[in-house]
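Participant: Have a look at this one.
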Amino acid sequence: MHDQPRLNSVPTPTAAADGSEASDIPIGLFRECVALRDWLLSEGARLPESGDLLAGMAERLNDLGVPVDRAATAIDALHSDYSGVGRFWTREDGVSFRLFPHGEATEKALSRSPFAHVYTTGQWLILDLRQTPDDRFSIVPELKAAGYTHYITVPLFFTNGTKNGVTFATRDPRGFRDDDLAILRFIVPTLSAVMEMRGLNARLDHVLRVYVGDGPHQAILAGFIRRGQVERIRSAILFADMRGYTHLTDALTPEASVELLNTYFDCLVPPIESEGGEVLKYMGDGLLAIFRESGDDLGGAAQGALSAAQAALRRVEEANRAARFPTRIEIGIALHHGEAAYGNVGSGARLDFTVIGRDVNLASRLAKLNKILSEPLLMSKPFVDFLWGDPELLGTHPLDGIAEEMAIYRPGKGC
């Protein structure tokens, strides 16, 4: 039988779990509690969504008699768009999540939350909400309005130094009893370890995708990291750069130059990704992207690359009209079709996942003709061979480092 609530008890911090928590497990529930820890480490750790892990744990705690009506986690995130992720499970609504953006608003919200308190003390916070003033923490009125009577906040300190947490709430008038606290104390260290494993995997996946691109990041995670390994990909190749970038940024501060580049790339990258392309490299003011052929490609990759290029040019012009750049900018985009190759290049323990090959070089040389021919968008003969429209021939032209002259086109009617 459960004891009465022990609201002033202070369990050992998660990071200091020493095994003594097992001695407090209620008689007859030890095997079930071990089974829950095993589930967290096995099936729970492999669930595709972290929300499913939270829901599965909450449901199994209820099966053990722990009256969890609401559970939530707050996890630090190494992400360019947000600083953390909150996941929530309630008995009536299931799983939901919230992203916490970088900035002052998130910091202010954290400072007024129970998490700030437990991060400072390193100890569990157990509240009887019926005896807790509304102004103690910003979430208290919300919890009371939803009918919750007791609330637990647990700090989770990961080995990488980040501060995270998990909360449990109940509507049971008796709150969380001694036996309930013992069960939670028994399983939380395992939950923390599983959440850290999942979090580190998510961080690695995100950081690799951000810095090397989607295709290379998948190859790296699959073990494609030996120096000299090469993967060949048939694709449409897009090369874009800004005209006069050096002169344009000569009078700008480094911060203003970065802002210029980010605004510029915001015009190029979304159309590329929306057409199924992958940005493989940023090279100063230049960008290299590919559009992979499918097994039965009949021009889809080339048409996608052309649509992305035309959309990018429109977005740049719209940004010019809106004065989003320090001064008007012009860009050149070159489209080619051929073989791109991923290659691991470098020395010692420092390698770079580099895109190499004759066709990649040809696309970059073709881009140099944009300014010479005063054309914002140029296409090679191998590229237009895959197009459905009717491009306009601009003649044959020499390309630096390429032995033969190349027939060069611009989009025509129907392209």
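Note on naming: chains are A, B, ... as they come in the structure tokens, residues start from 1 per chain, ligands start from 1 in the order shown.
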Which neighbours of segment 282-285 of chain A fall inside 9 Å, counting only C-alpha atoms, when residues of the same chain fewer than 5 positions from it are skipped, and could you give them as a list in words?
Facilitator: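 Close residues of segment 282-285 of chain A: Ala240, Asp241, Met242, Arg243, Tyr245, Leu261, Tyr264 and Phe265 of chain A.
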Participant: Write the residues of the selection above to a file with N, CA, C and O atoms, as a PDB file, in the first residue's frame.
Facilitator:
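Written out: part.pdb:
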```pdb
ATOM      1  N   ALA A 240      26.443  28.727 -58.369  1.00  0.00           N
ATOM      2  CA  ALA A 240      26.014  30.127 -58.339  1.00  0.00           C
ATOM      3  C   ALA A 240      27.039  30.961 -57.594  1.00  0.00           C
ATOM      4  O   ALA A 240      27.644  30.493 -56.619  1.00  0.00           O
ATOM      5  N   ASP A 241      27.255  32.175 -58.060  1.00  0.00           N
ATOM      6  CA  ASP A 241      28.082  33.105 -57.296  1.00  0.00           C
ATOM      7  C   ASP A 241      27.610  34.533 -57.511  1.00  0.00           C
ATOM      8  O   ASP A 241      26.834  34.840 -58.428  1.00  0.00           O
ATOM      9  N   MET A 242      28.051  35.413 -56.613  1.00  0.00           N
ATOM     10  CA  MET A 242      27.666  36.812 -56.642  1.00  0.00           C
ATOM     11  C   MET A 242      28.715  37.602 -57.426  1.00  0.00           C
ATOM     12  O   MET A 242      29.918  37.422 -57.225  1.00  0.00           O
ATOM     13  N   ARG A 243      28.272  38.473 -58.290  1.00  0.00           N
ATOM     14  CA  ARG A 243      29.198  39.284 -59.065  1.00  0.00           C
ATOM     15  C   ARG A 243      29.701  40.454 -58.222  1.00  0.00           C
ATOM     16  O   ARG A 243      28.916  41.125 -57.561  1.00  0.00           O
ATOM     17  N   TYR A 245      31.574  40.555 -55.552  1.00  0.00           N
ATOM     18  CA  TYR A 245      31.462  40.397 -54.101  1.00  0.00           C
ATOM     19  C   TYR A 245      32.628  41.073 -53.369  1.00  0.00           C
ATOM     20  O   TYR A 245      32.417  41.760 -52.360  1.00  0.00           O
ATOM     21  N   LEU A 261      25.686  37.858 -46.913  1.00  0.00           N
ATOM     22  CA  LEU A 261      25.733  36.493 -47.437  1.00  0.00           C
ATOM     23  C   LEU A 261      24.523  35.682 -46.997  1.00  0.00           C
ATOM     24  O   LEU A 261      23.959  34.914 -47.784  1.00  0.00           O
ATOM     25  N   TYR A 264      21.588  36.711 -49.022  1.00  0.00           N
ATOM     26  CA  TYR A 264      21.804  36.194 -50.378  1.00  0.00           C
ATOM     27  C   TYR A 264      21.486  34.696 -50.457  1.00  0.00           C
ATOM     28  O   TYR A 264      20.741  34.246 -51.334  1.00  0.00           O
ATOM     29  N   PHE A 265      22.031  33.937 -49.523  1.00  0.00           N
ATOM     30  CA  PHE A 265      21.782  32.497 -49.551  1.00  0.00           C
ATOM     31  C   PHE A 265      20.325  32.165 -49.214  1.00  0.00           C
ATOM     32  O   PHE A 265      19.810  31.126 -49.653  1.00  0.00           O
TER      33      PHE A 265
END
```
Participant: Which residues are close to Met57 of chain A, i.e. within 9 Å by only C-alpha atoms, leaving aside same-chain residues fewer than 4 positions away? Reply as a PyMOL selection string.
Facilitator: chain A and resi 36+39-40+44+52-53+61-62+191
Participant: Put those residues in a file: all heavy atoms, as an mmCIF file, in the first residue's frame.
Facilitator:
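Saved the output as part_26.cif:
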```cif
data_model
loop_
_atom_site.group_PDB
_atom_site.id
_atom_site.type_symbol
_atom_site.label_atom_id
_atom_site.label_comp_id
_atom_site.auth_asym_id
_atom_site.auth_seq_id
_atom_site.Cartn_x
_atom_site.Cartn_y
_atom_site.Cartn_z
ATOM 1 N N LEU A 36 10.625 -1.943 -16.622
ATOM 2 C CA LEU A 36 10.485 -0.603 -17.189
ATOM 3 C C LEU A 36 11.845 -0.023 -17.551
ATOM 4 O O LEU A 36 12.012 0.575 -18.615
ATOM 5 C CB LEU A 36 9.756 0.306 -16.194
ATOM 6 C CG LEU A 36 9.649 1.788 -16.585
ATOM 7 C CD1 LEU A 36 9.092 1.959 -17.994
ATOM 8 C CD2 LEU A 36 8.794 2.544 -15.571
ATOM 9 N N TRP A 39 12.946 -1.665 -20.678
ATOM 10 C CA TRP A 39 12.217 -1.136 -21.840
ATOM 11 C C TRP A 39 12.811 0.199 -22.278
ATOM 12 O O TRP A 39 12.979 0.445 -23.482
ATOM 13 C CB TRP A 39 10.738 -0.956 -21.487
ATOM 14 C CG TRP A 39 9.949 -0.360 -22.619
ATOM 15 C CD1 TRP A 39 9.376 -1.033 -23.662
ATOM 16 C CD2 TRP A 39 9.664 1.040 -22.830
ATOM 17 N NE1 TRP A 39 8.762 -0.135 -24.521
ATOM 18 C CE2 TRP A 39 8.924 1.130 -24.035
ATOM 19 C CE3 TRP A 39 9.958 2.194 -22.128
ATOM 20 C CZ2 TRP A 39 8.487 2.346 -24.542
ATOM 21 C CZ3 TRP A 39 9.526 3.412 -22.635
ATOM 22 C CH2 TRP A 39 8.793 3.481 -23.826
ATOM 23 N N LEU A 40 13.145 1.056 -21.339
ATOM 24 C CA LEU A 40 13.753 2.342 -21.686
ATOM 25 C C LEU A 40 15.058 2.148 -22.440
ATOM 26 O O LEU A 40 15.333 2.838 -23.430
ATOM 27 C CB LEU A 40 14.013 3.157 -20.413
ATOM 28 C CG LEU A 40 12.787 3.752 -19.718
ATOM 29 C CD1 LEU A 40 13.173 4.299 -18.338
ATOM 30 C CD2 LEU A 40 12.168 4.859 -20.560
ATOM 31 N N GLY A 44 12.516 1.459 -25.965
ATOM 32 C CA GLY A 44 12.330 2.902 -25.841
ATOM 33 C C GLY A 44 13.446 3.698 -26.483
ATOM 34 O O GLY A 44 13.209 4.726 -27.118
ATOM 35 N N ASP A 52 7.315 9.523 -28.362
ATOM 36 C CA ASP A 52 6.829 8.169 -28.117
ATOM 37 C C ASP A 52 7.504 7.561 -26.894
ATOM 38 O O ASP A 52 6.892 6.779 -26.156
ATOM 39 C CB ASP A 52 7.091 7.289 -29.345
ATOM 40 C CG ASP A 52 6.301 7.755 -30.560
ATOM 41 O OD1 ASP A 52 5.252 8.389 -30.374
ATOM 42 O OD2 ASP A 52 6.747 7.489 -31.693
ATOM 43 N N LEU A 53 8.783 7.904 -26.687
ATOM 44 C CA LEU A 53 9.481 7.442 -25.481
ATOM 45 C C LEU A 53 8.812 8.003 -24.239
ATOM 46 O O LEU A 53 8.567 7.274 -23.264
ATOM 47 C CB LEU A 53 10.949 7.886 -25.542
ATOM 48 C CG LEU A 53 11.781 7.648 -24.278
ATOM 49 C CD1 LEU A 53 12.001 6.163 -24.063
ATOM 50 C CD2 LEU A 53 13.117 8.386 -24.364
ATOM 51 N N LEU A 61 4.391 3.822 -16.218
ATOM 52 C CA LEU A 61 4.358 4.272 -14.823
ATOM 53 C C LEU A 61 2.947 4.161 -14.259
ATOM 54 O O LEU A 61 2.753 3.734 -13.104
ATOM 55 C CB LEU A 61 4.851 5.716 -14.725
ATOM 56 C CG LEU A 61 6.365 5.913 -14.836
ATOM 57 C CD1 LEU A 61 6.705 7.399 -14.962
ATOM 58 C CD2 LEU A 61 7.082 5.312 -13.630
ATOM 59 N N ASN A 62 1.961 4.522 -15.045
ATOM 60 C CA ASN A 62 0.578 4.375 -14.584
ATOM 61 C C ASN A 62 0.232 2.914 -14.338
ATOM 62 O O ASN A 62 -0.497 2.594 -13.389
ATOM 63 C CB ASN A 62 -0.379 4.993 -15.602
ATOM 64 C CG ASN A 62 -0.545 6.494 -15.405
ATOM 65 O OD1 ASN A 62 -1.201 6.923 -14.467
ATOM 66 N ND2 ASN A 62 0.061 7.277 -16.281
ATOM 67 N N LEU A 191 16.255 6.820 -17.555
ATOM 68 C CA LEU A 191 15.642 7.742 -18.508
ATOM 69 C C LEU A 191 16.641 8.803 -18.934
ATOM 70 O O LEU A 191 16.743 9.126 -20.123
ATOM 71 C CB LEU A 191 14.417 8.400 -17.871
ATOM 72 C CG LEU A 191 13.775 9.533 -18.692
ATOM 73 C CD1 LEU A 191 13.148 8.988 -19.959
ATOM 74 C CD2 LEU A 191 12.733 10.280 -17.841
#
```
Participant: Return as a short mmCIF file (atom, residue, chain, number, x, y, z; two decimals) with all heavy atoms, in the first residue's frame the full set of residues in segment 268-394 of chain A whose backbone-based DSSP assignment is strand (DSSP E).
Facilitator:
```
data_model
loop_
_atom_site.label_atom_id
_atom_site.label_comp_id
_atom_site.auth_asym_id
_atom_site.auth_seq_id
_atom_site.Cartn_x
_atom_site.Cartn_y
_atom_site.Cartn_z
N GLU A 278 20.32 19.40 -53.31
CA GLU A 278 21.14 19.35 -52.10
C GLU A 278 22.26 20.36 -52.23
O GLU A 278 23.03 20.32 -53.20
CB GLU A 278 21.75 17.97 -51.90
CG GLU A 278 20.76 16.82 -51.84
CD GLU A 278 21.47 15.48 -51.90
OE1 GLU A 278 22.60 15.39 -51.37
OE2 GLU A 278 20.91 14.54 -52.49
N VAL A 279 22.37 21.28 -51.29
CA VAL A 279 23.50 22.20 -51.26
C VAL A 279 24.69 21.46 -50.65
O VAL A 279 24.64 21.05 -49.49
CB VAL A 279 23.17 23.46 -50.44
CG1 VAL A 279 24.39 24.37 -50.34
CG2 VAL A 279 22.00 24.21 -51.06
N LEU A 280 25.75 21.31 -51.43
CA LEU A 280 26.91 20.55 -50.98
C LEU A 280 28.02 21.42 -50.43
O LEU A 280 28.76 21.01 -49.54
CB LEU A 280 27.47 19.69 -52.12
CG LEU A 280 26.50 18.67 -52.72
CD1 LEU A 280 27.21 17.85 -53.78
CD2 LEU A 280 25.92 17.76 -51.66
N LYS A 281 28.16 22.63 -50.99
CA LYS A 281 29.28 23.49 -50.57
C LYS A 281 28.88 24.95 -50.64
O LYS A 281 28.21 25.39 -51.58
CB LYS A 281 30.49 23.28 -51.48
CG LYS A 281 31.30 22.03 -51.22
CD LYS A 281 32.12 22.17 -49.95
CE LYS A 281 32.97 20.92 -49.72
NZ LYS A 281 33.75 21.02 -48.46
N TYR A 282 29.31 25.70 -49.61
CA TYR A 282 29.34 27.16 -49.68
C TYR A 282 30.80 27.54 -49.84
O TYR A 282 31.65 27.08 -49.07
CB TYR A 282 28.79 27.79 -48.39
CG TYR A 282 27.32 27.54 -48.15
CD1 TYR A 282 26.90 26.62 -47.21
CD2 TYR A 282 26.36 28.25 -48.86
CE1 TYR A 282 25.55 26.40 -46.97
CE2 TYR A 282 25.00 28.04 -48.63
CZ TYR A 282 24.61 27.12 -47.68
OH TYR A 282 23.28 26.90 -47.46
N MET A 283 31.09 28.36 -50.82
CA MET A 283 32.47 28.75 -51.10
C MET A 283 32.53 30.27 -51.16
O MET A 283 32.46 30.87 -52.24
CB MET A 283 32.93 28.14 -52.43
CG MET A 283 32.95 26.61 -52.39
SD MET A 283 32.93 25.86 -54.03
CE MET A 283 31.22 26.14 -54.50
N GLY A 286 30.02 31.78 -53.25
CA GLY A 286 29.60 30.76 -54.19
C GLY A 286 28.84 29.63 -53.53
O GLY A 286 28.93 29.42 -52.31
N LEU A 287 28.10 28.91 -54.34
CA LEU A 287 27.27 27.80 -53.85
C LEU A 287 27.27 26.70 -54.89
O LEU A 287 27.13 26.96 -56.08
CB LEU A 287 25.86 28.30 -53.57
CG LEU A 287 24.76 27.32 -53.16
CD1 LEU A 287 23.71 28.02 -52.31
CD2 LEU A 287 24.09 26.69 -54.39
N LEU A 288 27.44 25.47 -54.44
CA LEU A 288 27.38 24.31 -55.31
C LEU A 288 26.28 23.38 -54.84
O LEU A 288 26.22 23.02 -53.65
CB LEU A 288 28.72 23.56 -55.32
CG LEU A 288 28.76 22.24 -56.10
CD1 LEU A 288 28.55 22.49 -57.59
CD2 LEU A 288 30.08 21.53 -55.86
N ALA A 289 25.38 23.02 -55.74
CA ALA A 289 24.27 22.12 -55.39
C ALA A 289 24.10 21.08 -56.49
O ALA A 289 24.50 21.30 -57.64
CB ALA A 289 22.97 22.91 -55.22
N ILE A 290 23.53 19.95 -56.12
CA ILE A 290 23.23 18.91 -57.11
C ILE A 290 21.78 18.49 -57.00
O ILE A 290 21.15 18.63 -55.94
CB ILE A 290 24.13 17.66 -56.95
CG1 ILE A 290 23.89 16.98 -55.59
CG2 ILE A 290 25.59 18.01 -57.16
CD1 ILE A 290 24.55 15.62 -55.47
N PHE A 291 21.26 17.98 -58.10
CA PHE A 291 19.90 17.42 -58.18
C PHE A 291 20.08 16.01 -58.73
O PHE A 291 20.38 15.82 -59.92
CB PHE A 291 19.02 18.27 -59.09
CG PHE A 291 18.82 19.68 -58.61
CD1 PHE A 291 19.84 20.62 -58.73
CD2 PHE A 291 17.63 20.07 -58.02
CE1 PHE A 291 19.67 21.93 -58.29
CE2 PHE A 291 17.45 21.37 -57.56
CZ PHE A 291 18.48 22.30 -57.70
N ARG A 292 19.94 15.03 -57.85
CA ARG A 292 20.26 13.65 -58.22
C ARG A 292 19.28 13.11 -59.26
O ARG A 292 18.08 13.35 -59.19
CB ARG A 292 20.21 12.74 -56.99
CG ARG A 292 21.23 13.06 -55.92
CD ARG A 292 20.94 12.26 -54.67
NE ARG A 292 21.86 12.59 -53.59
CZ ARG A 292 22.85 11.81 -53.18
NH1 ARG A 292 23.05 10.63 -53.76
NH2 ARG A 292 23.64 12.19 -52.19
N ILE A 331 23.81 38.24 -59.65
CA ILE A 331 24.38 36.91 -59.48
C ILE A 331 24.41 36.19 -60.82
O ILE A 331 23.73 36.57 -61.77
CB ILE A 331 23.59 36.06 -58.46
CG1 ILE A 331 22.24 35.62 -59.03
CG2 ILE A 331 23.39 36.82 -57.17
CD1 ILE A 331 21.55 34.56 -58.17
N GLY A 332 25.24 35.16 -60.88
CA GLY A 332 25.30 34.31 -62.04
C GLY A 332 25.10 32.86 -61.64
O GLY A 332 25.65 32.41 -60.62
N ILE A 333 24.28 32.15 -62.38
CA ILE A 333 24.02 30.73 -62.11
C ILE A 333 24.34 29.93 -63.35
O ILE A 333 23.92 30.28 -64.46
CB ILE A 333 22.55 30.51 -61.70
CG1 ILE A 333 22.21 31.28 -60.43
CG2 ILE A 333 22.28 29.01 -61.49
CD1 ILE A 333 20.77 31.14 -59.97
N ALA A 334 25.10 28.86 -63.16
CA ALA A 334 25.45 27.95 -64.25
C ALA A 334 24.88 26.58 -63.97
O ALA A 334 24.93 26.09 -62.83
CB ALA A 334 26.97 27.87 -64.40
N LEU A 335 24.33 25.95 -65.02
CA LEU A 335 23.73 24.62 -64.90
C LEU A 335 24.42 23.66 -65.86
O LEU A 335 24.60 23.97 -67.04
CB LEU A 335 22.23 24.69 -65.21
CG LEU A 335 21.38 25.58 -64.29
CD1 LEU A 335 19.95 25.65 -64.80
CD2 LEU A 335 21.42 25.07 -62.86
N HIS A 336 24.77 22.51 -65.33
CA HIS A 336 25.45 21.48 -66.12
C HIS A 336 24.90 20.13 -65.69
O HIS A 336 24.27 20.00 -64.63
CB HIS A 336 26.96 21.57 -65.88
CG HIS A 336 27.76 20.53 -66.62
ND1 HIS A 336 27.71 20.38 -67.99
CD2 HIS A 336 28.63 19.59 -66.16
CE1 HIS A 336 28.52 19.40 -68.35
NE2 HIS A 336 29.09 18.90 -67.26
N HIS A 337 25.10 19.14 -66.49
CA HIS A 337 24.65 17.79 -66.15
C HIS A 337 25.81 16.83 -66.34
O HIS A 337 26.51 16.88 -67.35
CB HIS A 337 23.49 17.35 -67.04
CG HIS A 337 22.74 16.16 -66.52
ND1 HIS A 337 23.24 14.89 -66.54
CD2 HIS A 337 21.53 16.06 -65.91
CE1 HIS A 337 22.37 14.06 -66.00
NE2 HIS A 337 21.31 14.74 -65.61
N GLY A 338 26.05 16.00 -65.34
CA GLY A 338 27.16 15.06 -65.44
C GLY A 338 27.31 14.28 -64.17
O GLY A 338 26.33 13.89 -63.53
N GLU A 339 28.55 14.09 -63.76
CA GLU A 339 28.85 13.23 -62.63
C GLU A 339 29.55 14.04 -61.54
O GLU A 339 30.63 14.61 -61.77
CB GLU A 339 29.75 12.08 -63.07
CG GLU A 339 29.97 11.03 -62.02
CD GLU A 339 30.76 9.85 -62.56
OE1 GLU A 339 31.99 9.99 -62.71
OE2 GLU A 339 30.16 8.80 -62.85
N ALA A 340 28.94 14.10 -60.38
CA ALA A 340 29.58 14.70 -59.21
C ALA A 340 30.13 13.57 -58.35
O ALA A 340 29.55 12.49 -58.29
CB ALA A 340 28.58 15.53 -58.41
N ALA A 341 31.26 13.82 -57.73
CA ALA A 341 31.89 12.78 -56.92
C ALA A 341 32.19 13.32 -55.53
O ALA A 341 32.80 14.38 -55.38
CB ALA A 341 33.17 12.29 -57.58
N TYR A 342 31.73 12.58 -54.52
CA TYR A 342 32.13 12.88 -53.15
C TYR A 342 33.47 12.20 -52.92
O TYR A 342 33.62 11.01 -53.17
CB TYR A 342 31.15 12.30 -52.13
CG TYR A 342 29.76 12.85 -52.16
CD1 TYR A 342 28.67 12.02 -51.95
CD2 TYR A 342 29.52 14.20 -52.35
CE1 TYR A 342 27.38 12.50 -51.94
CE2 TYR A 342 28.22 14.70 -52.34
CZ TYR A 342 27.17 13.84 -52.14
OH TYR A 342 25.89 14.33 -52.13
N GLY A 343 34.43 12.94 -52.37
CA GLY A 343 35.71 12.32 -52.06
C GLY A 343 36.21 12.77 -50.71
O GLY A 343 36.13 13.95 -50.36
N ASN A 344 36.74 11.83 -49.91
CA ASN A 344 37.36 12.16 -48.63
C ASN A 344 38.80 12.59 -48.88
O ASN A 344 39.64 11.79 -49.29
CB ASN A 344 37.33 10.95 -47.69
CG ASN A 344 35.99 10.78 -47.02
OD1 ASN A 344 35.46 11.73 -46.45
ND2 ASN A 344 35.42 9.60 -47.11
N VAL A 345 39.08 13.86 -48.65
CA VAL A 345 40.38 14.44 -48.95
C VAL A 345 40.94 15.08 -47.70
O VAL A 345 40.22 15.73 -46.94
CB VAL A 345 40.26 15.51 -50.07
CG1 VAL A 345 41.60 16.18 -50.32
CG2 VAL A 345 39.72 14.88 -51.34
N GLY A 346 42.23 14.91 -47.45
CA GLY A 346 42.86 15.55 -46.32
C GLY A 346 44.07 14.79 -45.86
O GLY A 346 44.64 13.97 -46.60
N SER A 347 44.50 15.06 -44.62
CA SER A 347 45.68 14.41 -44.08
C SER A 347 45.49 14.21 -42.59
O SER A 347 44.85 15.03 -41.91
CB SER A 347 46.93 15.26 -44.33
OG SER A 347 48.08 14.65 -43.80
N ARG A 350 42.30 15.07 -40.01
CA ARG A 350 41.47 16.16 -40.51
C ARG A 350 41.16 15.93 -41.97
O ARG A 350 42.02 16.08 -42.85
CB ARG A 350 42.18 17.50 -40.31
CG ARG A 350 41.41 18.70 -40.83
CD ARG A 350 40.07 18.87 -40.09
NE ARG A 350 39.37 20.05 -40.57
CZ ARG A 350 38.49 20.05 -41.55
NH1 ARG A 350 38.19 18.91 -42.17
NH2 ARG A 350 37.89 21.16 -41.92
N LEU A 351 39.92 15.53 -42.25
CA LEU A 351 39.48 15.28 -43.61
C LEU A 351 38.36 16.24 -43.99
O LEU A 351 37.68 16.79 -43.12
CB LEU A 351 38.97 13.83 -43.77
CG LEU A 351 39.95 12.70 -43.47
CD1 LEU A 351 39.27 11.36 -43.65
CD2 LEU A 351 41.18 12.80 -44.37
N ASP A 352 38.16 16.41 -45.26
CA ASP A 352 37.06 17.22 -45.77
C ASP A 352 36.28 16.39 -46.77
O ASP A 352 36.86 15.70 -47.61
CB ASP A 352 37.59 18.49 -46.44
CG ASP A 352 36.47 19.43 -46.85
OD1 ASP A 352 35.36 19.31 -46.29
OD2 ASP A 352 36.70 20.28 -47.73
N PHE A 353 34.97 16.43 -46.66
CA PHE A 353 34.11 15.74 -47.62
C PHE A 353 33.94 16.69 -48.80
O PHE A 353 33.10 17.59 -48.77
CB PHE A 353 32.77 15.42 -46.98
CG PHE A 353 32.23 14.08 -47.35
CD1 PHE A 353 31.29 13.47 -46.54
CD2 PHE A 353 32.64 13.41 -48.48
CE1 PHE A 353 30.76 12.23 -46.86
CE2 PHE A 353 32.13 12.17 -48.81
CZ PHE A 353 31.19 11.58 -47.99
N THR A 354 34.74 16.52 -49.84
CA THR A 354 34.83 17.47 -50.93
C THR A 354 34.16 16.93 -52.18
O THR A 354 34.22 15.73 -52.46
CB THR A 354 36.31 17.78 -51.24
OG1 THR A 354 36.92 18.32 -50.06
CG2 THR A 354 36.44 18.78 -52.36
N VAL A 355 33.51 17.82 -52.93
CA VAL A 355 32.91 17.46 -54.20
C VAL A 355 33.94 17.73 -55.29
O VAL A 355 34.45 18.85 -55.42
CB VAL A 355 31.64 18.28 -54.45
CG1 VAL A 355 30.93 17.79 -55.71
CG2 VAL A 355 30.71 18.18 -53.27
N ILE A 356 34.23 16.71 -56.06
CA ILE A 356 35.29 16.81 -57.06
C ILE A 356 34.80 16.25 -58.39
O ILE A 356 33.69 15.71 -58.49
CB ILE A 356 36.54 16.04 -56.61
CG1 ILE A 356 36.18 14.56 -56.32
CG2 ILE A 356 37.18 16.68 -55.39
CD1 ILE A 356 37.37 13.71 -55.96
N LEU A 377 21.79 33.45 -66.21
CA LEU A 377 21.59 32.00 -66.15
C LEU A 377 22.07 31.37 -67.44
O LEU A 377 21.57 31.67 -68.52
CB LEU A 377 20.11 31.68 -65.92
CG LEU A 377 19.70 30.20 -65.89
CD1 LEU A 377 20.50 29.43 -64.86
CD2 LEU A 377 18.20 30.07 -65.62
N LEU A 378 23.08 30.50 -67.31
CA LEU A 378 23.64 29.80 -68.46
C LEU A 378 23.55 28.30 -68.26
O LEU A 378 23.61 27.80 -67.12
CB LEU A 378 25.10 30.19 -68.66
CG LEU A 378 25.39 31.66 -69.02
CD1 LEU A 378 26.89 31.90 -69.09
CD2 LEU A 378 24.72 32.03 -70.33
N MET A 379 23.42 27.58 -69.40
CA MET A 379 23.29 26.12 -69.36
C MET A 379 24.22 25.50 -70.39
O MET A 379 24.40 26.04 -71.49
CB MET A 379 21.84 25.71 -69.66
CG MET A 379 20.83 26.35 -68.73
SD MET A 379 19.11 25.95 -69.18
CE MET A 379 18.96 26.84 -70.73
N SER A 380 24.80 24.36 -70.03
CA SER A 380 25.69 23.65 -70.94
C SER A 380 24.89 22.75 -71.88
O SER A 380 23.72 22.43 -71.62
CB SER A 380 26.69 22.81 -70.15
OG SER A 380 26.01 21.73 -69.51
N GLU A 392 17.73 28.64 -75.86
CA GLU A 392 18.29 29.49 -76.92
C GLU A 392 19.81 29.37 -76.93
O GLU A 392 20.47 29.63 -75.92
CB GLU A 392 17.87 30.93 -76.69
CG GLU A 392 18.38 31.90 -77.74
CD GLU A 392 17.94 33.32 -77.45
OE1 GLU A 392 16.98 33.51 -76.67
OE2 GLU A 392 18.58 34.24 -78.01
N LEU A 393 20.38 29.01 -78.08
CA LEU A 393 21.83 28.83 -78.21
C LEU A 393 22.52 30.19 -78.23
O LEU A 393 22.14 31.10 -78.97
CB LEU A 393 22.14 28.06 -79.49
CG LEU A 393 23.63 27.84 -79.80
CD1 LEU A 393 24.27 26.95 -78.73
CD2 LEU A 393 23.79 27.23 -81.20
N LEU A 394 23.59 30.31 -77.44
CA LEU A 394 24.40 31.53 -77.41
C LEU A 394 25.75 31.33 -78.07
O LEU A 394 26.64 32.17 -77.95
CB LEU A 394 24.60 31.99 -75.96
CG LEU A 394 23.34 32.36 -75.18
CD1 LEU A 394 23.69 32.69 -73.74
CD2 LEU A 394 22.62 33.52 -75.84
#
```
Participant: Closest to Gly161 of chain A among A:Glu196, A:Ala407, A:Thr106, A:Leu129, using only C-alpha atoms?
Facilitator: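 Using only C-alpha atoms, the shortest distance to Gly161 of chain A belongs to A:Glu196.
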Participant: Could you tell me, as a ChimeraX atom specification, which residues of segment 105-288 of chain A DSSP assigns to helix (DSSP H, G or I) when given the backbone?
Facilitator: /A:105-111,114-121,129-131,140-145,178-212,214-221,245-249,254-274
Participant: Which residues, written as a PyMOL selection string, have at least one atom at most 12 Å from Gln131 of chain A, with only C-alpha atoms counted and residues fewer than 2 positions away on the same chain left out?
Facilitator: chain A and resi 7+126-129+133-136+140+144+149-151
